[in-house]
Each structure stands twice: as C-alpha cells, then as structure tokens.
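**Q** Starting off with a structure, shown below.
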Amino acid sequence: MKYLAQAVVLFVMMQMTAQTQDQTQTTVLKAEQLITYAADNYPADDPVQVYILVETGSAGIHQDHKFYIEQGVKLLTKRLEPEDKIAIGTYGAVSAVVLPFTEVSVSKVIEEGVQKLFSGSFKEVSGADGIALAYDLTEANYDEDVVSNVIMIRGSGVHQEPAQAKSVTSVYKKVSETNLVAQEVEVAKVTTTPKEERQAQRVQRKQAKAAEHKNLGGAIALTALTILPEILDVIKD
C-alpha cells in the first residue's frame, strides 16, 4: 500500500509538471541564433513573457557568446511591447535567477541583467535546478492572456578541470546582499497598468503600426524582409 501511495503521488506530480510545461513554449537555440529568432518571431499578436535561460559550465559562460546574447536581448526589448516581460536565468553548473520578470518598458534594467549574467554578479541558488527554476517562475507569473516562452541557450558553458573550476564558480556565491536588495528594489519600481488599459494600448499600437506599414507600401516591406538576413550577418561580423 505504501508503494502504491508513492506511485500515485509521483504520477500526480508528473501530470502537474506536464500541464505547466504545456502552457509554456520551450525554444532551444544556440547563442548565435538568438538575434535571428527575435527578428523572426516578434512582435507577437498576444502579450508575452520571455525567460532567457543560459547554460553555464564549471568555468562560467563563453565570453564569445556575450555579443549574441546581448544583442539578441536588446532586439527583443525593441520588438516586444512595453508591457511584455523578460526574465534571465542560468542552468547547468550554476543555477540562478539573474533577473526576475521585468517589463520591457524598463529596458535599462534588462540590459543590466545581461551584464550581470556575464560578470557573475548574481547569487547562485544552491542545490536548485535552473530549468526547474525557470518553469517555476514562469508558472508563478502565469496569466491566461499571456504567452510564455522559455528560450534555452545551449552550448554557452565553459568547462575545465574541477580543481580549477571551484574558485571560478565561487564568484557567483559572493554577491553582497546589498546589491541583491538594490536590484529587487529597482525592479519593484516598475509601474503596472490595469489589464484592460494595457489591452487597449496594445490594440492602438497594432493599428498604428498597420497603418504605417500600409503607407510605406508592400514593396518596401518585402525589401526589408529580404535584406534582414544580410543585416544580421553584418551585425554578427
């Protein structure tokens, strides 16, 4: 009977996890694909919240990937609506929530979150799984009108011998509580707008963009879409 009860509990937990992940889109990319992904998939028709989940290694994150992640997140802040949200976290050798869900309207805070990601200026959640943290935080911010997307950046972790890695990964644990509190206060300053008003503003912006697009003409829009990959290649170089 004891084992049967345990099996039932395990089954229920698995079903709850599956339901949570069904409500959240999961996209797996390499760092260099983030810019193109942001350009191809946003802006979206519905409100969105995006969790950028970056893989870490025993020696941190590839500095070579900083440009792609930095510019990819910056492009997201330009293409998403002001009330849409972005969060940043890590998984792998170091699990942490670098930046909780923050409105795009305060893009400066989001850009600072990217810098903290590469400087190690955040606190590791000891014993936690970074992927589980991402889905838990996304679920905690669940809204039936919002599309959630966890973007996993694979292959960004730097690995080395354990003896050397110990001193490198320890930097994540040495963040002062003062800095963490300051970050939380800064994020807390984000003002919220009533849901109905946000929806009305989004509709107005969509109508304005549609009118602008029509005035510019389909030919110009088609040309812009055609040269977008070339623009991205120039940025990467």
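A note on labels: chains of the structure tokens are A, B, ... as shown, every chain counts residues from 1, and ligands are counted from 1 in their shown order.
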Can you list, as a ChimeraX atom specification, every protein, DNA or RNA residue that comes within 9 Å of Gln49 of chain A when you count only C-alpha atoms, leaving out same-chain residues fewer than 5 positions away?
**A** /A:84-87,101-103,138,141,146-150
**Q** Restrict the selected residues to N, CA, C and O atoms and save them as a short mmCIF file (atom, residue, chain, number, x, y, z; two decimals), in the first residue's frame.
**A**
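Contents of the output file again_27.cif:
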```cif
data_model
loop_
_atom_site.label_atom_id
_atom_site.label_comp_id
_atom_site.auth_asym_id
_atom_site.auth_seq_id
_atom_site.Cartn_x
_atom_site.Cartn_y
_atom_site.Cartn_z
N ASP A 84 5.18 43.83 -22.14
CA ASP A 84 5.69 42.46 -22.18
C ASP A 84 6.86 42.34 -21.20
O ASP A 84 7.45 43.35 -20.80
N LYS A 85 7.22 41.11 -20.84
CA LYS A 85 8.24 40.93 -19.81
C LYS A 85 9.35 39.98 -20.24
O LYS A 85 9.13 39.08 -21.03
N ILE A 86 10.54 40.23 -19.69
CA ILE A 86 11.71 39.38 -19.93
C ILE A 86 12.35 39.03 -18.60
O ILE A 86 12.47 39.89 -17.71
N ALA A 87 12.74 37.78 -18.46
CA ALA A 87 13.50 37.33 -17.29
C ALA A 87 14.77 36.65 -17.79
O ALA A 87 14.83 36.20 -18.93
N PHE A 101 11.05 38.45 -13.87
CA PHE A 101 10.30 39.04 -14.97
C PHE A 101 10.17 40.55 -14.81
O PHE A 101 9.69 41.03 -13.78
N THR A 102 10.63 41.25 -15.81
CA THR A 102 10.68 42.71 -15.78
C THR A 102 10.08 43.28 -17.06
O THR A 102 10.35 42.78 -18.15
N GLU A 103 9.27 44.30 -16.94
CA GLU A 103 8.62 44.88 -18.11
C GLU A 103 9.64 45.49 -19.07
O GLU A 103 10.63 46.09 -18.65
N THR A 138 8.03 31.06 -14.24
CA THR A 138 7.07 31.31 -15.32
C THR A 138 5.66 30.97 -14.86
O THR A 138 4.71 31.71 -15.12
N ASN A 141 4.12 33.47 -12.58
CA ASN A 141 3.66 34.68 -13.27
C ASN A 141 2.62 34.35 -14.35
O ASN A 141 2.41 35.13 -15.28
N VAL A 146 -1.45 35.68 -21.51
CA VAL A 146 -0.04 35.89 -21.85
C VAL A 146 0.59 34.60 -22.35
O VAL A 146 0.40 33.54 -21.77
N VAL A 147 1.34 34.69 -23.45
CA VAL A 147 2.07 33.55 -23.99
C VAL A 147 3.46 33.51 -23.36
O VAL A 147 4.22 34.48 -23.46
N SER A 148 3.79 32.41 -22.70
CA SER A 148 5.09 32.27 -22.04
C SER A 148 6.04 31.47 -22.92
O SER A 148 5.64 30.49 -23.53
N ASN A 149 7.28 31.90 -22.96
CA ASN A 149 8.28 31.21 -23.77
C ASN A 149 9.60 31.14 -23.01
O ASN A 149 10.17 32.17 -22.65
N VAL A 150 10.07 29.93 -22.76
CA VAL A 150 11.38 29.74 -22.16
C VAL A 150 12.37 29.46 -23.29
O VAL A 150 12.25 28.46 -23.99
#
```
**Q** Any idea what's packed within 10 Å of segment 28-38 of chain A, counting only C-alpha atoms, ignoring anything in its chain fewer than 5 positions away? Could you give it as a VMD selection string?
**A** chain A and resid 43 52 to 55 62 64 to 80 150 to 156 228 to 229 232 to 233 235 to 236
**Q** Select, from A:Ala208, A:Glu81, A:Thr56, A:Thr26, the residue with the minimum atom-to-atom distance to Ala44 of chain A, counting only C-alpha atoms.
**A**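 The closest residue to Ala44 of chain A is A:Glu81.
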**Q** Counting only C-alpha atoms, which residue out of A:Ala132, A:Leu137, A:Lys116, A:Ala93 sits closest to Tyr51 of chain A?
**A**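 Among A:Ala132, A:Leu137, A:Lys116, A:Ala93, it is A:Leu137 that comes nearest to Tyr51 of chain A.
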**Q** Select from segment 66-160 of chain A everything DSSP, run on the backbone, classes as strand (DSSP E or B), then give the selection as number ranges by chain.
**A** A: 85-92, 96-103, 147-154, 157
